[in-house]
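> Take a look at input-v8.txt, compact mmCIF, C-alpha atoms and all ligand atoms:
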# COMPACT_ATOMS: atom_id res chain seq x y z
CA MET A 1 -10.60 9.89 7.80
CA ALA A 2 -11.03 7.64 4.76
CA LEU A 3 -8.57 4.87 3.90
CA ARG A 4 -8.31 3.89 0.26
CA MET A 5 -6.12 2.51 -2.49
CA ILE A 6 -4.24 4.92 -4.74
CA ASP A 7 -3.77 4.24 -8.46
CA HIS A 8 -0.26 4.69 -9.84
CA GLY A 9 0.19 7.80 -12.01
CA THR A 10 -2.94 9.64 -10.76
CA LYS A 11 -3.17 13.04 -9.03
CA GLU A 12 -3.45 11.20 -5.68
CA TYR A 13 -0.26 9.29 -6.52
CA GLN A 14 1.51 12.61 -7.11
CA GLN A 15 0.29 13.78 -3.68
CA MET A 16 1.67 10.57 -2.20
CA VAL A 17 5.09 11.01 -3.81
CA THR A 18 5.24 14.62 -2.58
CA LEU A 19 4.42 13.54 0.98
CA ARG A 20 7.00 10.73 0.90
CA ASN A 21 9.60 13.07 -0.51
CA ASP A 22 8.92 15.68 2.20
CA ILE A 23 8.91 13.21 5.11
CA LEU A 24 11.23 10.39 4.09
CA ARG A 25 13.74 11.70 1.54
CA LYS A 26 14.34 15.48 1.71
CA PRO A 27 15.38 15.43 5.39
CA LEU A 28 18.16 12.99 4.34
CA GLY A 29 19.18 15.07 1.32
CA LEU A 30 17.73 12.39 -1.02
CA SER A 31 14.95 12.23 -3.62
CA PHE A 32 13.18 9.71 -5.87
CA ASP A 33 14.25 8.77 -9.39
CA LYS A 34 11.85 7.86 -12.20
CA GLU A 35 12.98 4.23 -12.35
CA GLU A 36 12.21 3.72 -8.65
CA LEU A 37 8.73 5.23 -9.03
CA ASP A 38 7.99 3.28 -12.24
CA LYS A 39 8.53 0.01 -10.34
CA GLU A 40 5.66 0.97 -8.01
CA LYS A 41 3.17 0.15 -10.77
CA ASP A 42 3.29 -3.40 -9.39
CA ASP A 43 2.75 -2.33 -5.75
CA ILE A 44 -0.40 -1.80 -3.71
CA LEU A 45 -0.52 1.91 -2.87
CA MET A 46 -2.62 3.27 0.02
CA GLY A 47 -3.55 6.59 1.53
CA ALA A 48 -5.48 8.08 4.45
CA PHE A 49 -7.52 11.12 3.37
CA GLU A 50 -9.55 13.88 4.97
CA ASP A 51 -11.56 15.16 2.01
CA GLU A 52 -8.87 15.69 -0.64
CA LYS A 53 -6.05 16.12 1.87
CA LEU A 54 -3.55 13.25 2.19
CA LEU A 55 -2.94 12.50 5.89
CA GLY A 56 -0.62 9.55 5.41
CA CYS A 57 0.44 6.81 3.03
CA CYS A 58 2.24 3.51 2.63
CA LEU A 59 2.61 0.76 0.05
CA LEU A 60 2.95 -3.02 -0.13
CA THR A 61 5.46 -4.87 -2.32
CA ARG A 62 5.20 -8.61 -2.97
CA VAL A 63 8.23 -10.56 -1.75
CA ASP A 64 7.01 -14.15 -2.38
CA PRO A 65 3.60 -15.89 -2.42
CA TYR A 66 3.42 -15.77 1.39
CA THR A 67 5.20 -12.54 2.25
CA VAL A 68 4.58 -8.88 1.52
CA ARG A 69 6.77 -5.92 2.48
CA LEU A 70 5.43 -2.62 3.78
CA ARG A 71 7.34 0.41 2.50
CA GLN A 72 7.21 4.19 2.42
CA MET A 73 5.05 4.72 5.51
CA ALA A 74 4.76 8.48 6.02
CA VAL A 75 2.52 10.85 7.97
CA PRO A 76 3.00 14.65 7.74
CA ASN A 77 4.82 16.14 10.75
CA ASN A 78 1.76 18.07 11.94
CA MET A 79 -0.43 14.93 11.82
CA GLN A 80 1.88 12.48 13.60
CA GLY A 81 0.78 10.91 16.90
CA LYS A 82 -2.93 11.12 16.08
CA GLY A 83 -3.54 7.51 15.02
CA VAL A 84 -3.15 7.90 11.23
CA GLY A 85 -0.16 5.54 11.03
CA ARG A 86 -1.92 2.87 13.12
CA ALA A 87 -5.06 3.10 10.92
CA LEU A 88 -2.94 2.74 7.76
CA MET A 89 -1.12 -0.29 9.18
CA ILE A 90 -4.38 -2.06 10.05
CA PHE A 91 -5.75 -1.25 6.57
CA ALA A 92 -2.56 -2.58 4.92
CA GLU A 93 -2.62 -5.75 7.04
CA ASN A 94 -6.25 -6.45 6.11
CA ILE A 95 -5.51 -5.99 2.41
CA ALA A 96 -2.46 -8.26 2.66
CA ARG A 97 -4.52 -10.93 4.48
CA ASP A 98 -7.32 -10.71 1.90
CA LEU A 99 -4.73 -11.32 -0.84
CA GLY A 100 -3.57 -14.47 0.94
CA TYR A 101 -0.27 -13.25 2.39
CA ARG A 102 0.77 -14.85 5.68
CA LYS A 103 3.59 -12.53 6.73
CA LEU A 104 4.17 -8.77 6.63
CA CYS A 105 7.72 -7.43 6.95
CA MET A 106 9.43 -4.06 6.66
CA HIS A 107 12.79 -2.32 6.82
CA ALA A 108 11.99 -0.18 9.86
CA ARG A 109 13.88 2.98 10.59
CA LYS A 110 15.44 2.74 14.06
CA THR A 111 13.39 5.80 15.06
CA ALA A 112 10.12 4.03 14.13
CA ILE A 113 10.74 0.67 15.86
CA GLY A 114 8.50 1.58 18.82
CA PHE A 115 5.61 2.33 16.45
CA TYR A 116 5.82 -1.09 14.77
CA GLN A 117 6.32 -2.88 18.11
CA LYS A 118 3.04 -1.40 19.33
CA LEU A 119 1.41 -3.07 16.33
CA GLY A 120 2.89 -6.47 17.16
CA TYR A 121 6.01 -6.49 14.94
CA SER A 122 9.33 -7.97 16.12
CA ILE A 123 12.90 -7.28 15.08
CA THR A 124 14.36 -10.30 13.28
CA GLY A 125 17.95 -9.32 12.47
CA ASP A 126 20.89 -7.02 13.00
CA GLU A 127 20.97 -3.29 12.37
CA PHE A 128 21.83 -2.26 8.80
CA THR A 129 22.08 1.02 6.90
CA GLU A 130 19.58 2.10 4.24
CA VAL A 131 19.07 5.61 2.81
CA THR A 132 22.04 6.59 5.05
CA ILE A 133 20.31 5.76 8.39
CA PRO A 134 20.01 2.71 10.72
CA HIS A 135 17.24 0.21 10.03
CA TYR A 136 16.05 -3.19 11.31
CA ILE A 137 14.01 -5.88 9.58
CA MET A 138 10.74 -6.34 11.46
CA GLU A 139 7.93 -8.78 10.76
CA LYS A 140 4.65 -10.23 11.97
CA ALA A 141 2.54 -13.24 11.03
CA LEU A 142 -0.79 -12.07 9.62
C1 LIG A 201 6.25 6.50 12.20
C2 LIG A 201 4.90 7.08 11.72
C3 LIG A 201 4.50 6.45 10.40
C4 LIG A 201 3.83 6.73 12.80
O1 LIG A 201 2.58 7.26 12.39
P1 LIG A 201 1.69 8.13 13.41
O2 LIG A 201 0.43 8.47 12.78
O3 LIG A 201 2.55 9.23 13.93
O4 LIG A 201 1.49 7.04 14.58
P2 LIG A 201 0.18 6.78 15.47
O5 LIG A 201 -0.33 8.10 15.98
O6 LIG A 201 -0.78 5.93 14.72
O7 LIG A 201 0.82 5.97 16.67
C5 LIG A 201 0.43 4.68 17.09
C6 LIG A 201 1.19 4.38 18.37
O8 LIG A 201 2.59 4.32 18.09
C7 LIG A 201 3.31 5.30 18.86
N1 LIG A 201 4.35 5.87 18.02
C8 LIG A 201 4.18 6.60 16.89
N2 LIG A 201 5.37 6.91 16.36
C9 LIG A 201 6.31 6.35 17.16
C10 LIG A 201 7.72 6.31 17.12
N3 LIG A 201 8.42 6.89 16.14
N4 LIG A 201 8.37 5.65 18.12
C11 LIG A 201 7.68 5.04 19.13
N5 LIG A 201 6.31 5.03 19.20
C12 LIG A 201 5.65 5.69 18.22
C13 LIG A 201 2.26 6.34 19.25
O9 LIG A 201 2.64 7.02 20.42
C14 LIG A 201 1.04 5.47 19.44
O10 LIG A 201 1.10 4.84 20.69
P3 LIG A 201 -0.22 4.63 21.63
O11 LIG A 201 -1.06 3.63 20.89
O12 LIG A 201 0.35 4.11 22.92
O13 LIG A 201 -0.88 5.95 21.72
C15 LIG A 201 4.96 8.62 11.58
O14 LIG A 201 5.26 9.20 12.83
C16 LIG A 201 5.95 9.10 10.54
O15 LIG A 201 5.61 9.28 9.38
N6 LIG A 201 7.21 9.36 10.97
C17 LIG A 201 8.25 9.86 10.06
C18 LIG A 201 8.56 8.91 8.92
C19 LIG A 201 8.90 7.51 9.38
O16 LIG A 201 9.68 7.28 10.28
N7 LIG A 201 8.26 6.53 8.73
C20 LIG A 201 8.49 5.13 8.99
C21 LIG A 201 9.62 4.66 8.16
S1 LIG A 201 10.05 2.97 8.55
What would you get if you wrote out this structure as structure tokens?
Ligand SMILES: CC(C)(COP(=O)(O)OP(=O)(O)OC[C@H]1O[C@@H](n2cnc3c(N)ncnc32)[C@H](O)[C@@H]1OP(=O)(O)O)[C@@H](O)C(=O)NCCC(=O)NCCS


Amino acid sequence: MALRMIDHGTKEYQQMVTLRNDILRKPLGLSFDKEELDKEKDDILMGAFEDEKLLGCCLLTRVDPYTVRLRQMAVPNNMQGKGVGRALMIFAENIARDLGYRKLCMHARKTAIGFYQKLGYSITGDEFTEVTIPHYIMEKAL
């Protein structure tokens, strides 16, 4: 498995959007709009690959000079539970640290809390609804 950055607008970016749509949006009856995807030009996009195949992805969005937010973490159903998500998180944390960020946060789906807890993240607030489902803010000092 190779972990690498993805450039916005490339063929790999299209693969990433397809994976995110399949895993994170379609099951909720939602999709992406162009404006939302255009904003990702400013984000740090990452993927885990086996040859040309995308095994998982996530992205980082700057919040302030010290804080970065992880978003859009997705692993295909048939690849979940094999360590891809953990490898992507460690890759994303190292990139964030190298860029000088001190804190990583995310809006974690309730169903994914256990995954982030295993990586040292803590819940910091009350449950809220996003993309129609329950979420919690989680964070960790880098
Ligand atoms: C959540 C997700 C990104 C985790 O990636 P993954 O590759 O399946 O996770 P890993 O195999 O790296 O798991 C790392 C550890 O977390 C655990 N884990 C994984 N998903 C979990 C979950 N949903 N709840 C609790 N624990 C979980 C694994 O059992 C493993 O534990 P171990 O170290 O004791 O073996 C992936 O399952 C996924 O894409 N799910 C659907 C979309 C989603 O919920 N994305 C997150 C949005 S906030």

> Atom CA of Thr67 of chain A and atom CA of Arg109 of chain A, how far apart in Å?

19.6 Å

> Set the cut-off to 6 Å, count all atoms listed in the file, and list whatever residues fall near ligand LIG 201 (chain A) as a compact mmCIF listing (two decimals) with C-alpha atoms, keeping the file's coordinate frame.


# COMPACT_ATOMS: atom_id res chain seq x y z
CA ILE A 23 8.91 13.21 5.11
CA LEU A 24 11.23 10.39 4.09
CA MET A 73 5.05 4.72 5.51
CA ALA A 74 4.76 8.48 6.02
CA VAL A 75 2.52 10.85 7.97
CA GLN A 80 1.88 12.48 13.60
CA GLY A 81 0.78 10.91 16.90
CA LYS A 82 -2.93 11.12 16.08
CA GLY A 83 -3.54 7.51 15.02
CA VAL A 84 -3.15 7.90 11.23
CA GLY A 85 -0.16 5.54 11.03
CA ARG A 86 -1.92 2.87 13.12
CA ALA A 108 11.99 -0.18 9.86
CA ARG A 109 13.88 2.98 10.59
CA THR A 111 13.39 5.80 15.06
CA ALA A 112 10.12 4.03 14.13
CA ILE A 113 10.74 0.67 15.86
CA GLY A 114 8.50 1.58 18.82
CA PHE A 115 5.61 2.33 16.45
CA LYS A 118 3.04 -1.40 19.33

> Using all atoms listed in the file, what residues lie at most 12 Å away from (-4.9, 17.0, 5.6) (file coordinates), given as a PyMOL selection string?

chain A and resi 1-2+15+19+47-57+75-80+84

> For Ile95 of chain A, which residue out of A:Arg4, A:Lys41, A:His107, A:His135 is the nearest one, using all atoms listed in the file?

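Using all atoms listed in the file, Ile95 of chain A sits closest to A:Arg4.
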
> List as a list of chain:residue names the protein and nucleic acid residues near Ser122 of chain A, meaning an atom at most 7 Å away when all atoms listed in the file are counted, but skip any in the same chain fewer than 2 places from it.

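The neighbour list is A:Gln117, A:Gly120, A:Thr124, A:Met138, A:Glu139, A:Lys140.
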
> Restricted to C-alpha atoms, what would the selected residues look like written as a PDB file, in the frame of the given file?


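Ended up saving to again_23.pdb:
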ATOM      1  CA  GLN A 117       6.320  -2.880  18.110  1.00  0.00           C
ATOM      2  CA  GLY A 120       2.890  -6.470  17.160  1.00  0.00           C
ATOM      3  CA  THR A 124      14.360 -10.300  13.280  1.00  0.00           C
ATOM      4  CA  MET A 138      10.740  -6.340  11.460  1.00  0.00           C
ATOM      5  CA  GLU A 139       7.930  -8.780  10.760  1.00  0.00           C
ATOM      6  CA  LYS A 140       4.650 -10.230  11.970  1.00  0.00           C
TER       7      LYS A 140
END

> Box for segment 20-30 of chain A: with edges along x, y and z, all listed atoms inside and 8 Å added on each side, what are the centre and edge lengths in Å to one decimal, as AutoDock Vina command-line options?


--center_x 13.1 --center_y 13.0 --center_z 2.2 --size_x 28.2 --size_y 21.3 --size_z 22.4

> For a quick check of understanding, using all atoms listed in the file, which of A:Leu70, A:Met16, A:Ala87, A:Leu28 has the smallest distance to Leu3 of chain A?

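Of A:Leu70, A:Met16, A:Ala87, A:Leu28, the one nearest Leu3 of chain A, counting all atoms listed in the file, is A:Ala87.
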
> At what distance in Å, to one decimal, does atom CA of Val131 of chain A lie from atom CA of Asp42 of chain A?

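Computing it gives 21.9 Å between the two atoms.
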
> For Thr18 of chain A, which residue among A:Ile44, A:Ile137, A:Leu119, A:Leu37 is the nearest when counting only C-alpha atoms?

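Closest candidate: A:Leu37.
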
> From the set A:Phe128, A:Ser31, A:Arg97, A:Lys103, which residue has the shortest atom-to-atom contact distance to Asp64 of chain A, counting only C-alpha atoms?

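For Asp64 of chain A, the nearest of the given residues is A:Lys103.
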
> Between A:Ala141, A:Met106, A:Lys34, A:Ala96, which is the closest to Arg71 of chain A once you count only C-alpha atoms?

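Distance minimum relative to Arg71 of chain A lands on A:Met106.
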
> Provide the atom CA of Asn94 of chain A to atom CA of Tyr121 of chain A distance in Å, to one decimal place.

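Atom CA of Tyr121 of chain A lies at a distance of 15.1 Å from atom CA of Asn94 of chain A.
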
> Pick out the closest residue to Met89 of chain A from this set: A:Tyr116, A:Tyr66, A:Tyr101, A:Tyr136. Count all atoms listed in the file.

A:Tyr116
